[in-house]
file protein22.cif (mmCIF, C-alpha atoms)
data_query
#
loop_
_atom_site.label_atom_id
_atom_site.label_comp_id
_atom_site.auth_asym_id
_atom_site.auth_seq_id
_atom_site.Cartn_x
_atom_site.Cartn_y
_atom_site.Cartn_z
CA MET A 1 106.36 81.97 113.89
CA ALA A 2 106.14 78.41 115.14
CA THR A 3 108.27 79.33 118.15
CA TYR A 4 105.74 81.89 119.43
CA ARG A 5 103.46 80.67 122.17
CA ILE A 6 100.90 81.70 124.77
CA LEU A 7 101.72 81.32 128.47
CA GLU A 8 98.68 81.63 130.70
CA LYS A 9 100.64 82.73 133.75
CA PRO A 10 101.12 86.17 135.32
CA MET A 11 103.51 88.57 133.59
CA THR A 12 104.14 91.70 135.64
CA GLY A 13 106.74 94.42 136.09
CA CYS A 14 107.86 97.20 133.75
CA LEU A 15 108.33 96.98 130.01
CA ALA A 16 111.77 98.61 130.25
CA GLY A 17 113.48 95.32 130.99
CA GLN A 18 111.64 93.36 128.28
CA GLY A 19 112.44 95.34 125.11
CA ARG A 20 109.99 96.76 122.62
CA PRO A 21 106.80 94.86 121.83
CA ARG A 22 106.86 93.20 118.43
CA LEU A 23 103.89 93.04 116.07
CA LEU A 24 103.32 90.00 113.88
CA ARG A 25 100.91 90.65 111.03
CA VAL A 26 98.55 87.68 110.65
CA ASP A 27 95.58 88.79 108.50
CA GLU A 28 94.95 86.44 105.58
CA THR A 29 97.52 83.96 106.89
CA ARG A 30 97.07 80.61 108.57
CA PHE A 31 97.88 82.29 111.91
CA GLU A 32 94.78 84.51 111.69
CA ARG A 33 92.87 81.74 113.49
CA THR A 34 95.08 82.28 116.55
CA TRP A 35 94.18 85.98 116.53
CA ASP A 36 90.46 85.16 116.13
CA LYS A 37 90.51 82.70 119.03
CA LEU A 38 92.29 85.09 121.39
CA VAL A 39 90.09 88.07 120.56
CA GLY A 40 86.95 85.93 120.47
CA ARG A 41 87.66 84.66 123.96
CA TRP A 42 89.14 87.65 125.75
CA HIS A 43 87.89 90.83 124.03
CA TYR A 44 84.45 92.03 125.08
CA LEU A 45 83.45 92.71 121.44
CA GLY A 46 84.66 89.33 120.20
CA SER A 47 86.13 88.71 116.76
CA ALA A 48 82.98 88.31 114.66
CA GLU A 49 81.71 90.67 111.94
CA MET A 50 85.15 91.89 110.93
CA VAL A 51 84.72 92.29 107.18
CA GLY A 52 86.16 94.67 104.61
CA SER A 53 89.52 96.40 104.91
CA ARG A 54 91.50 95.17 107.90
CA LEU A 55 94.92 94.45 109.36
CA LYS A 56 95.46 92.07 112.28
CA TYR A 57 98.53 91.74 114.49
CA LEU A 58 99.59 89.53 117.36
CA ILE A 59 101.53 91.41 120.06
CA CYS A 60 104.66 89.60 121.26
CA LEU A 61 107.42 90.03 123.83
CA GLU A 62 110.31 87.90 122.74
CA GLU A 63 108.57 84.60 121.82
CA ILE A 64 105.53 85.12 124.09
CA ILE A 65 102.18 86.29 122.66
CA VAL A 66 100.80 88.94 125.04
CA GLY A 67 97.89 90.41 123.07
CA ALA A 68 96.29 91.34 119.76
CA ILE A 69 95.40 94.50 117.87
CA SER A 70 93.63 95.26 114.60
CA PHE A 71 92.64 98.08 112.27
CA CYS A 72 89.80 98.53 109.78
CA ALA A 73 88.21 101.24 107.62
CA ALA A 74 87.08 104.29 109.57
CA ALA A 75 83.52 105.51 110.14
CA PHE A 76 82.03 107.31 107.13
CA ARG A 77 80.74 110.13 109.29
CA LEU A 78 81.82 110.97 112.84
CA GLY A 79 80.71 114.38 114.08
CA PRO A 80 83.48 115.17 116.60
CA ARG A 81 86.19 113.91 114.24
CA ASP A 82 84.83 115.85 111.28
CA ARG A 83 84.53 119.06 113.31
CA PHE A 84 88.04 118.55 114.72
CA VAL A 85 89.50 118.31 111.20
CA GLY A 86 87.28 121.02 109.74
CA TRP A 87 86.61 119.52 106.30
CA ASP A 88 83.41 119.70 104.28
CA GLY A 89 81.49 116.69 102.99
CA GLN A 90 83.33 116.43 99.68
CA GLU A 91 86.75 116.75 101.32
CA ARG A 92 85.84 114.10 103.87
CA LYS A 93 84.78 111.76 101.07
CA GLU A 94 88.12 112.29 99.30
CA TRP A 95 90.15 111.62 102.45
CA LEU A 96 88.01 108.72 103.72
CA PRO A 97 90.19 105.97 102.14
CA ARG A 98 93.05 107.32 104.25
CA LEU A 99 91.18 107.14 107.57
CA VAL A 100 91.63 104.00 109.65
CA GLU A 101 89.97 102.73 112.83
CA ASN A 102 91.73 100.83 115.62
CA ASN A 103 88.78 98.50 116.22
CA ARG A 104 90.31 95.91 118.58
CA PHE A 105 93.06 96.18 121.18
CA LEU A 106 93.66 93.36 123.65
CA ILE A 107 96.32 92.83 126.26
CA LEU A 108 95.78 89.34 127.67
CA PRO A 109 94.31 89.48 131.19
CA TRP A 110 97.27 87.83 132.96
CA VAL A 111 99.72 90.33 131.40
CA ARG A 112 100.07 93.43 133.59
CA MET A 113 103.20 95.21 132.48
CA LYS A 114 103.60 98.95 132.94
CA ASN A 115 103.84 100.92 129.67
CA LEU A 116 103.15 97.87 127.48
CA ALA A 117 99.84 99.17 126.10
CA SER A 118 101.09 102.66 125.17
CA ALA A 119 104.30 101.22 123.68
CA THR A 120 102.21 98.80 121.61
CA LEU A 121 100.09 101.65 120.26
CA ALA A 122 103.21 103.53 119.18
CA GLU A 123 104.65 100.43 117.54
CA SER A 124 101.33 99.65 115.82
CA LEU A 125 101.18 103.08 114.18
CA ARG A 126 104.63 102.57 112.68
CA ALA A 127 103.55 99.20 111.28
CA LEU A 128 100.17 100.52 110.15
CA LYS A 129 101.64 103.19 107.87
CA LEU A 130 103.68 100.62 105.97
CA ASP A 131 101.27 97.69 105.94
CA TRP A 132 98.10 99.64 105.05
CA ALA A 133 99.91 101.25 102.12
CA ASP A 134 101.25 97.86 101.05
CA LYS A 135 97.83 96.19 101.20
CA TYR A 136 95.47 98.96 100.06
CA GLY A 137 97.70 101.37 98.16
CA VAL A 138 97.17 104.45 100.37
CA VAL A 139 99.12 105.78 103.33
CA PRO A 140 96.88 106.34 106.39
CA ALA A 141 96.45 109.99 107.33
CA MET A 142 94.61 109.57 110.64
CA VAL A 143 93.57 106.80 113.02
CA GLU A 144 90.53 106.81 115.32
CA THR A 145 89.27 104.53 118.07
CA PHE A 146 86.36 104.22 120.49
CA VAL A 147 86.88 103.48 124.19
CA ASP A 148 84.06 102.06 126.32
CA GLY A 149 84.19 104.25 129.42
CA ALA A 150 82.32 101.66 131.46
CA ARG A 151 85.27 99.28 131.04
CA PHE A 152 88.35 101.41 130.35
CA ASP A 153 89.57 104.94 130.98
CA GLY A 154 91.71 105.42 127.85
CA THR A 155 94.93 105.95 129.79
CA CYS A 156 97.13 104.16 127.25
CA TYR A 157 95.78 106.27 124.38
CA ARG A 158 96.44 109.50 126.23
CA ALA A 159 99.92 108.25 127.17
CA ALA A 160 100.55 107.53 123.47
CA ASN A 161 99.52 111.13 122.60
CA TRP A 162 96.17 110.33 121.02
CA ILE A 163 93.71 113.26 121.16
CA HIS A 164 90.40 112.92 123.00
CA LEU A 165 87.49 114.39 120.98
CA GLY A 166 84.51 113.70 123.23
CA LEU A 167 81.80 111.04 123.15
CA THR A 168 79.70 109.23 120.58
CA GLN A 169 75.91 109.64 120.70
CA GLY A 170 75.28 106.14 122.08
CA TYR A 171 73.69 104.63 118.98
CA GLY A 172 74.54 101.39 117.24
CA ARG A 173 73.54 100.12 113.80
CA SER A 174 71.18 97.15 113.62
CA ARG A 175 69.38 95.31 110.80
CA THR A 176 66.36 97.59 111.19
CA GLY A 177 68.15 100.93 111.56
CA PHE A 178 69.79 102.48 114.58
CA VAL A 179 69.36 101.35 118.17
CA HIS A 180 69.99 103.63 121.11
CA HIS A 181 72.00 101.53 123.57
CA GLY A 182 72.99 104.56 125.65
CA ASN A 183 76.62 103.46 125.93
CA LYS A 184 78.48 106.57 124.79
CA LYS A 185 82.11 105.80 123.95
CA ALA A 186 85.09 108.12 124.13
CA ILE A 187 86.59 109.07 120.76
CA TYR A 188 90.37 109.30 120.33
CA VAL A 189 92.30 110.17 117.17
CA TYR A 190 95.93 110.28 116.09
CA VAL A 191 97.05 112.30 113.05
CA LEU A 192 99.70 110.43 111.07
CA ASP A 193 100.15 112.65 108.02
CA LYS A 194 101.50 116.21 108.28
CA SER A 195 99.77 117.14 105.01
CA LEU A 196 96.40 116.73 106.74
CA MET A 197 97.63 119.05 109.51
CA LEU A 198 98.80 121.65 106.99
CA LYS A 199 95.65 121.55 104.84
CA PHE A 200 92.98 121.57 107.56
CA LYS A 201 94.77 122.66 110.76
CA PRO A 202 92.73 120.33 113.03
CA SER A 203 91.73 121.91 116.34
CA VAL A 204 89.82 120.83 119.43
CA ASP A 205 88.43 124.38 119.53
CA ARG A 206 85.94 123.28 116.87
CA LEU A 207 84.39 120.61 119.06
CA ALA A 208 81.29 122.40 120.31
CA ASP A 209 78.64 119.72 119.74
CA PRO A 210 76.02 120.83 117.16
CA VAL A 211 73.88 117.77 117.96
CA GLU A 212 73.47 118.93 121.56
CA GLU A 213 72.81 122.48 120.35
CA ILE A 214 70.16 121.29 117.88
CA GLU A 215 68.62 118.99 120.51
CA VAL A 216 68.21 121.97 122.83
CA MET A 217 66.58 123.89 119.95
CA ILE A 218 64.01 121.18 119.22
CA ASN A 219 60.74 122.03 120.90
CA GLY A 220 58.68 119.06 122.10
CA ILE A 221 55.23 120.59 121.43
CA PRO A 222 53.52 120.08 119.05
CA GLN A 223 55.01 116.65 118.43
CA TRP A 224 54.71 114.00 115.72
CA CYS A 225 52.08 111.32 116.09
CA GLY A 226 53.47 108.79 118.56
CA SER A 227 51.84 105.80 116.87
CA LEU A 228 53.70 106.58 113.62
CA ILE A 229 56.91 105.05 114.97
CA LYS A 230 55.17 101.68 115.50
CA GLN A 231 53.28 101.92 112.20
CA ILE A 232 56.54 102.05 110.24
CA GLY A 233 57.89 99.01 112.09
CA VAL A 234 60.40 100.60 114.48
CA ASN A 235 60.14 99.13 117.97
CA ASP A 236 61.89 99.70 121.29
CA ILE A 237 62.53 103.39 120.66
CA SER A 238 61.25 106.25 122.77
CA ASP A 239 60.15 109.73 121.83
CA ASP A 240 63.37 111.08 123.36
CA ASP A 241 65.36 108.71 121.16
CA VAL A 242 63.55 110.02 118.08
CA ARG A 243 64.28 113.61 119.11
CA GLN A 244 67.98 112.86 119.63
CA MET A 245 68.27 111.00 116.34
CA LEU A 246 66.49 113.86 114.55
CA ALA A 247 68.95 116.30 116.13
CA GLY A 248 71.86 114.19 114.94
CA HIS A 249 70.45 114.10 111.41
CA ILE A 250 69.75 117.83 111.26
CA SER A 251 73.17 118.74 112.65
CA SER A 252 74.92 116.94 109.79
CA TYR A 253 73.53 119.58 107.39
CA THR A 254 74.21 122.70 109.46
CA PRO A 255 77.66 123.28 107.83
CA TYR A 256 75.83 124.20 104.61
CA LEU A 257 73.62 126.86 106.22
CA GLY A 258 76.18 129.64 106.61
CA ARG A 259 75.69 131.70 109.77
CA LYS A 260 75.24 129.85 113.03
CA GLU A 261 71.93 131.53 113.91
CA HIS A 262 70.45 129.84 110.84
CA HIS A 263 70.79 126.47 112.58
CA HIS A 264 67.86 127.28 114.88
CA HIS A 265 65.62 128.38 111.99
CA PHE A 266 66.50 125.27 109.99
CA ALA A 267 65.73 122.98 112.94
CA MET A 268 62.44 124.79 113.54
CA MET A 269 61.36 124.46 109.90
CA VAL A 270 62.22 120.76 109.73
CA GLN A 271 60.42 119.97 112.95
CA GLY A 272 57.43 122.00 111.82
CA MET A 273 57.20 119.90 108.66
CA LEU A 274 57.24 116.74 110.81
CA SER A 275 54.79 118.03 113.41
CA ASP A 276 51.04 117.56 113.76
CA ILE A 277 50.05 121.15 112.95
CA ASN A 278 47.57 121.40 110.07
CA ARG A 279 49.25 124.09 107.95
CA LYS A 280 52.95 123.62 107.21
CA SER A 281 53.76 127.11 105.90
CA ILE A 282 56.21 129.50 107.55
CA GLU A 283 53.84 131.53 109.70
CA PRO A 284 52.01 128.68 111.51
CA ILE A 285 55.31 126.84 112.06
CA ALA A 286 56.92 129.95 113.55
CA LEU A 287 53.88 130.64 115.76
CA ALA A 288 53.81 127.05 117.03
CA PHE A 289 57.52 126.71 117.75
CA SER A 290 58.73 130.23 118.45
CA GLY A 291 55.76 132.51 119.05
CA PRO A 292 54.72 135.72 117.24
CA GLY A 293 58.26 137.13 117.43
CA GLY A 294 59.61 134.28 115.34
CA VAL A 295 57.48 134.84 112.22
CA ARG A 296 59.58 137.65 110.77
CA THR A 297 62.95 135.96 111.39
CA LEU A 298 61.84 132.59 109.99
CA THR A 299 60.35 134.31 106.93
CA LYS A 300 63.61 136.19 106.34
CA PHE A 301 65.59 132.97 106.77
CA MET A 302 63.50 131.07 104.22
CA ALA A 303 63.44 134.00 101.76
CA ASP A 304 66.90 135.54 101.98
CA ALA A 305 69.37 133.25 103.78
CA LYS A 306 72.16 132.02 101.51
CA TRP A 307 72.26 128.23 101.81
CA ASP A 308 74.56 125.99 99.85
CA ASP A 309 71.59 123.84 98.87
CA GLY A 310 73.54 122.11 96.10
CA ALA A 311 76.18 120.87 98.53
CA MET A 312 73.47 119.93 101.02
CA LYS A 313 71.67 117.79 98.45
CA ALA A 314 74.96 116.22 97.33
CA ALA A 315 75.76 115.29 100.95
CA TYR A 316 72.31 113.75 101.35
CA GLN A 317 72.66 111.79 98.11
CA SER A 318 76.07 110.52 99.15
CA ASP A 319 74.72 109.35 102.52
CA LEU A 320 71.72 107.65 100.89
CA SER A 321 73.84 105.84 98.31
CA ARG A 322 76.12 104.60 101.09
CA LEU A 323 73.18 103.31 103.14
CA LEU A 324 71.78 101.48 100.11
CA ALA A 325 75.13 100.34 98.70
CA GLY A 326 75.55 96.77 97.58
CA ASP A 327 72.60 95.16 95.82
CA GLU A 328 71.58 96.20 92.33
CA GLY A 329 68.15 97.78 92.31
CA MET A 330 65.67 100.03 90.55
CA ILE A 331 65.60 103.77 89.95
CA THR A 332 61.99 104.86 90.46
CA GLY A 333 60.12 107.92 89.22
CA ASP A 334 56.87 109.55 90.30
CA ASP A 335 55.53 112.92 91.38
CA THR A 336 54.20 114.10 94.73
CA GLY A 337 51.62 116.82 95.26
CA TYR A 338 51.49 119.24 98.18
CA PRO A 339 48.03 120.71 98.89
CA LYS A 340 48.02 124.49 99.34
CA LYS A 341 45.24 126.80 100.52
CA GLY A 342 46.64 130.00 99.03
CA GLU A 343 47.67 131.03 95.52
CA LYS A 344 51.01 132.76 96.14
CA SER A 345 53.36 129.86 96.92
CA VAL A 346 55.87 129.30 94.14
CA GLY A 347 54.55 126.92 91.46
CA VAL A 348 51.10 126.53 93.02
CA SER A 349 48.18 125.90 90.68
CA ARG A 350 45.01 123.89 90.29
CA GLN A 351 46.47 120.71 88.85
CA TYR A 352 46.30 116.96 89.17
CA ARG A 353 47.56 115.66 92.52
CA GLY A 354 48.27 111.94 92.48
CA ASN A 355 48.04 111.68 96.27
CA SER A 356 44.31 112.52 96.15
CA GLY A 357 43.59 111.33 92.58
CA LYS A 358 41.90 114.59 91.58
CA ILE A 359 42.50 118.21 90.58
CA ASP A 360 43.62 120.20 93.63
CA ASN A 361 45.22 123.53 94.47
CA CYS A 362 48.75 122.27 95.02
CA GLN A 363 52.45 122.25 94.22
CA VAL A 364 53.83 119.22 92.38
CA ALA A 365 57.38 117.83 92.49
CA PRO A 366 58.64 114.98 90.29
CA MET A 367 60.93 112.75 92.36
CA VAL A 368 63.48 110.05 91.67
CA GLY A 369 64.01 107.26 94.19
CA PHE A 370 66.12 104.15 94.50
CA VAL A 371 65.14 100.77 95.91
CA ASN A 372 67.05 97.52 96.45
CA GLY A 373 67.30 94.77 99.03
CA ASN A 374 68.74 97.22 101.56
CA GLY A 375 65.82 99.65 101.50
CA TYR A 376 64.35 102.64 99.69
CA GLY A 377 64.98 106.37 99.61
CA ILE A 378 64.21 109.52 97.61
CA TYR A 379 67.34 110.46 95.64
CA ASP A 380 66.43 113.66 93.76
CA TRP A 381 63.52 116.07 93.30
CA LYS A 382 62.52 119.22 91.42
CA LEU A 383 59.54 121.54 91.73
CA TYR A 384 57.30 121.53 88.64
CA MET A 385 56.45 125.04 87.44
CA PRO A 386 53.14 125.11 85.52
CA GLN A 387 53.31 126.91 82.17
CA LYS A 388 51.07 129.76 83.32
CA TRP A 389 53.79 130.81 85.79
CA PHE A 390 55.84 131.92 82.76
CA SER A 391 53.05 134.17 81.43
CA VAL A 392 52.90 137.97 81.67
CA GLU A 393 50.08 137.88 84.22
CA TYR A 394 52.36 135.98 86.64
CA SER A 395 55.44 138.19 86.14
CA ASP A 396 54.95 140.21 89.35
CA LEU A 397 54.30 137.11 91.46
CA SER A 398 57.31 135.35 89.89
CA LYS A 399 59.55 138.24 90.89
CA LYS A 400 58.11 138.23 94.40
CA CYS A 401 58.79 134.48 94.66
CA LYS A 402 62.36 135.10 93.35
CA ILE A 403 62.03 132.66 90.46
CA PRO A 404 65.30 132.68 88.46
CA GLU A 405 64.96 134.80 85.34
CA ASP A 406 66.58 132.14 83.16
CA LEU A 407 64.18 129.39 84.24
CA VAL A 408 62.17 127.97 81.33
CA PHE A 409 59.10 125.76 81.24
CA GLU A 410 59.70 121.99 81.37
CA THR A 411 57.15 119.20 81.47
CA LYS A 412 57.14 116.80 84.40
CA ASN A 413 58.32 114.05 82.05
CA SER A 414 61.29 116.16 81.00
CA LEU A 415 62.23 116.97 84.58
CA LEU A 416 61.94 113.34 85.58
CA LEU A 417 63.97 112.02 82.65
CA ASP A 418 66.76 114.51 83.38
CA MET A 419 66.91 113.41 87.04
CA ILE A 420 66.91 109.71 86.09
CA LYS A 421 69.85 110.27 83.72
CA LYS A 422 71.78 112.22 86.35
CA ALA A 423 71.07 109.63 89.05
CA HIS A 424 72.31 106.84 86.80
CA GLY A 425 75.30 108.84 85.60
CA SER A 426 76.38 109.80 89.12
CA GLY A 427 77.78 106.32 89.76
CA ASN A 428 76.19 106.37 93.22
CA LEU A 429 73.40 103.91 92.45
CA ARG A 430 73.81 100.35 91.17
CA ALA A 431 70.59 100.19 89.18
CA ARG A 432 69.49 97.43 86.80
CA TYR A 433 65.98 98.77 86.10
CA VAL A 434 64.02 102.01 85.86
CA GLY A 435 60.37 102.05 86.91
CA VAL A 436 58.00 105.02 86.68
CA ASP A 437 54.34 105.60 87.46
CA SER A 438 52.17 106.55 84.48
#
call {"tool": "encode", "arguments": {"input": "protein22.cif", "output": "structure tokens"}}
result
Amino acid sequence: MATYRILEKPMTGCLAGQGRPRLLRVDETRFERTWDKLVGRWHYLGSAEMVGSRLKYLICLEEIIVGAISFCAAAFRLGPRDRFVGWDGQERKEWLPRLVENNRFLILPWVRMKNLASATLAESLRALKLDWADKYGVVPAMVETFVDGARFDGTCYRAANWIHLGLTQGYGRSRTGFVHHGNKKAIYVYVLDKSLMLKFKPSVDRLADPVEEIEVMINGIPQWCGSLIKQIGVNDISDDDVRQMLAGHISSYTPYLGRKEHHHHFAMMVQGMLSDINRKSIEPIALAFSGPGGVRTLTKFMADAKWDDGAMKAAYQSDLSRLLAGDEGMITGDDTGYPKKGEKSVGVSRQYRGNSGKIDNCQVAPMVGFVNGNGYGIYDWKLYMPQKWFSVEYSDLSKKCKIPEDLVFETKNSLLLDMIKKAHGSGNLRARYVGVDS
């Protein structure tokens, strides 16, 4: 290694006369500093904030260092990639340790040799399969990368037979959430393992963008209160940004809705719940967002559509636990009351509503949350069914509301305790304490 050096002078021509590029693995060696200095100086992203799983290589021709490349753990969720493969949330979670991201690729600016970049990519994939398995105990199944279209056109990836999947949404993670920087990057992937091909049969035909479809579905009027964004401490974000982020969030749950036409109804119902209309039941939401013709279809969707709500909740819980991973925290328990004007909504009754501190006509749902140094989120919830709903006088209404016949009465304490035990037993939450409101 001591014989390898950097020559800051032009290197041109064709790779054919120079031999194959050679990769020298340098992560966790004393030569990693050389990689950090080169990437820190010449790569537009720099070399900082590279933590977690990673492999780093120096690219050499003979004894001359001509560039650097590295790999890290892949994105937990990436819409175009996940649609291309065609897996569900649980399958993606199982395969995630075998997904790798090419997060840095640098050919030094004075090196301009034809075919060097594509040849390096091919050589790096051969090394990656062996070295990732050696270091982390799993053989990579697929590699992904993001190309900044304002700087590069991705020619070397296409020449190396990587597959273009479209663009990112132009958001980046910050300490306070997500920031819309508007710089949408091209996504490329390369499938390394034939077993992934056989199991899922990846196809670019699946790449119709549900985020764009949902964004088109979202009606701008009536809209959420504009001052709310500032009240919760989120700055430098526009109403359009909120709409696009909401579309991205909603689209991640559309695979659990069944038929594609249900996506529109789901988006309408979610936006109605977030809107400034006074009554948040089906009919006023449908009238506000779809007109009189939408009442019947939204009612049918809410009453009869077959959702995989269990898988949807599991996907949400997995995402929440990932966002709050790290610090030990507290599992919290409390109930939330929803005021109702009528008497026919499932579980409605005159009962204590903690939000108002008095007896109200409402529905009540015990909820379990989780809080640590990374934030707070609701983890689980169940609707409380008052005991009178199990009486003979409520039998007709119970059937009309499609209450399961095997459902039995449980106190709010019982519901809450069961959820706390399941949350702790799931292994998703690193909790040291439990705190509940009395």
call {"tool": "resolve_selection", "arguments": {"input": "protein22.cif", "expression": "the PyMOL selection byres ((chain A and resi 106) around 7)", "output": "list in words"}}
result
His43, Gly67, Ala68, Ile69, Arg104, Phe105, Ile107 and Leu108 of chain A
call {"tool": "residues_near_point", "arguments": {"input": "protein22.cif", "point": "(86.9, 92.9, 120.1)", "cutoff": "12 Å", "atoms": "all atoms listed in the file", "output": "MDAnalysis selection string"}}
result
chainID A and resid 35:50 56 67:71 102:107 146:148
call {"tool": "write_last_selection", "arguments": {"input": "protein22.cif", "atoms": "C-alpha atoms", "output": "PDB file, in the coordinates of the input"}}
result
ATOM      1  CA  TRP A  35      94.180  85.980 116.530  1.00  0.00           C
ATOM      2  CA  ASP A  36      90.460  85.160 116.130  1.00  0.00           C
ATOM      3  CA  LYS A  37      90.510  82.700 119.030  1.00  0.00           C
ATOM      4  CA  LEU A  38      92.290  85.090 121.390  1.00  0.00           C
ATOM      5  CA  VAL A  39      90.090  88.070 120.560  1.00  0.00           C
ATOM      6  CA  GLY A  40      86.950  85.930 120.470  1.00  0.00           C
ATOM      7  CA  ARG A  41      87.660  84.660 123.960  1.00  0.00           C
ATOM      8  CA  TRP A  42      89.140  87.650 125.750  1.00  0.00           C
ATOM      9  CA  HIS A  43      87.890  90.830 124.030  1.00  0.00           C
ATOM     10  CA  TYR A  44      84.450  92.030 125.080  1.00  0.00           C
ATOM     11  CA  LEU A  45      83.450  92.710 121.440  1.00  0.00           C
ATOM     12  CA  GLY A  46      84.660  89.330 120.200  1.00  0.00           C
ATOM     13  CA  SER A  47      86.130  88.710 116.760  1.00  0.00           C
ATOM     14  CA  ALA A  48      82.980  88.310 114.660  1.00  0.00           C
ATOM     15  CA  GLU A  49      81.710  90.670 111.940  1.00  0.00           C
ATOM     16  CA  MET A  50      85.150  91.890 110.930  1.00  0.00           C
ATOM     17  CA  LYS A  56      95.460  92.070 112.280  1.00  0.00           C
ATOM     18  CA  GLY A  67      97.890  90.410 123.070  1.00  0.00           C
ATOM     19  CA  ALA A  68      96.290  91.340 119.760  1.00  0.00           C
ATOM     20  CA  ILE A  69      95.400  94.500 117.870  1.00  0.00           C
ATOM     21  CA  SER A  70      93.630  95.260 114.600  1.00  0.00           C
ATOM     22  CA  PHE A  71      92.640  98.080 112.270  1.00  0.00           C
ATOM     23  CA  ASN A 102      91.730 100.830 115.620  1.00  0.00           C
ATOM     24  CA  ASN A 103      88.780  98.500 116.220  1.00  0.00           C
ATOM     25  CA  ARG A 104      90.310  95.910 118.580  1.00  0.00           C
ATOM     26  CA  PHE A 105      93.060  96.180 121.180  1.00  0.00           C
ATOM     27  CA  LEU A 106      93.660  93.360 123.650  1.00  0.00           C
ATOM     28  CA  ILE A 107      96.320  92.830 126.260  1.00  0.00           C
ATOM     29  CA  PHE A 146      86.360 104.220 120.490  1.00  0.00           C
ATOM     30  CA  VAL A 147      86.880 103.480 124.190  1.00  0.00           C
ATOM     31  CA  ASP A 148      84.060 102.060 126.320  1.00  0.00           C
TER      32      ASP A 148
END
call {"tool": "residues_near_point", "arguments": {"input": "protein22.cif", "point": "(53.3, 124.1, 87.0)", "cutoff": "10 Å", "atoms": "only C-alpha atoms", "output": "JSON, numbers by chain"}}
result
{"A": [346, 347, 348, 349, 350, 351, 362, 363, 364, 365, 383, 384, 385, 386, 387, 388, 389, 390, 409, 410, 411, 412]}
call {"tool": "closest_residue", "arguments": {"input": "protein22.cif", "among": "A:Asn115, A:Arg25, A:Pro202, A:Tyr256", "to": "Gly310 in chain A", "atoms": "only C-alpha atoms"}}
result
A:Tyr256
call {"tool": "closest_residue", "arguments": {"input": "protein22.cif", "among": "A:Thr254, A:Gln271, A:Ser195, A:Ser356", "to": "Trp307 in chain A", "atoms": "all atoms listed in the file"}}
result
A:Thr254
call {"tool": "build_atoms", "arguments": {"input": "protein22.cif", "residues": "range 278-290 of chain A", "atoms": "N, CA and C atoms", "output": "mmCIF file, keeping the file's coordinate frame"}}
result
data_model
loop_
_atom_site.group_PDB
_atom_site.id
_atom_site.type_symbol
_atom_site.label_atom_id
_atom_site.label_comp_id
_atom_site.auth_asym_id
_atom_site.auth_seq_id
_atom_site.Cartn_x
_atom_site.Cartn_y
_atom_site.Cartn_z
ATOM 1 N N ASN A 278 48.296 121.614 111.318
ATOM 2 C CA ASN A 278 47.570 121.400 110.070
ATOM 3 C C ASN A 278 48.238 122.086 108.887
ATOM 4 N N ARG A 279 48.632 123.341 109.053
ATOM 5 C CA ARG A 279 49.250 124.090 107.950
ATOM 6 C C ARG A 279 50.750 124.106 108.151
ATOM 7 N N LYS A 280 51.493 123.755 107.101
ATOM 8 C CA LYS A 280 52.950 123.620 107.210
ATOM 9 C C LYS A 280 53.690 124.767 106.508
ATOM 10 N N SER A 281 53.072 125.950 106.470
ATOM 11 C CA SER A 281 53.760 127.110 105.900
ATOM 12 C C SER A 281 54.531 127.826 107.007
ATOM 13 N N ILE A 282 55.269 128.860 106.622
ATOM 14 C CA ILE A 282 56.210 129.500 107.550
ATOM 15 C C ILE A 282 55.518 130.077 108.779
ATOM 16 N N GLU A 283 54.449 130.837 108.577
ATOM 17 C CA GLU A 283 53.840 131.530 109.700
ATOM 18 C C GLU A 283 53.303 130.586 110.778
ATOM 19 N N PRO A 284 52.495 129.567 110.437
ATOM 20 C CA PRO A 284 52.010 128.680 111.510
ATOM 21 C C PRO A 284 53.135 127.882 112.184
ATOM 22 N N ILE A 285 54.183 127.537 111.435
ATOM 23 C CA ILE A 285 55.310 126.840 112.060
ATOM 24 C C ILE A 285 56.014 127.751 113.054
ATOM 25 N N ALA A 286 56.259 129.001 112.648
ATOM 26 C CA ALA A 286 56.920 129.950 113.550
ATOM 27 C C ALA A 286 56.071 130.218 114.784
ATOM 28 N N LEU A 287 54.760 130.379 114.612
ATOM 29 C CA LEU A 287 53.880 130.640 115.760
ATOM 30 C C LEU A 287 53.878 129.459 116.728
ATOM 31 N N ALA A 288 53.876 128.237 116.182
ATOM 32 C CA ALA A 288 53.810 127.050 117.030
ATOM 33 C C ALA A 288 55.106 126.806 117.792
ATOM 34 N N PHE A 289 56.244 127.093 117.166
ATOM 35 C CA PHE A 289 57.520 126.710 117.750
ATOM 36 C C PHE A 289 58.320 127.864 118.333
ATOM 37 N N SER A 290 57.940 129.102 117.978
ATOM 38 C CA SER A 290 58.730 130.230 118.450
ATOM 39 C C SER A 290 57.894 131.383 118.966
#
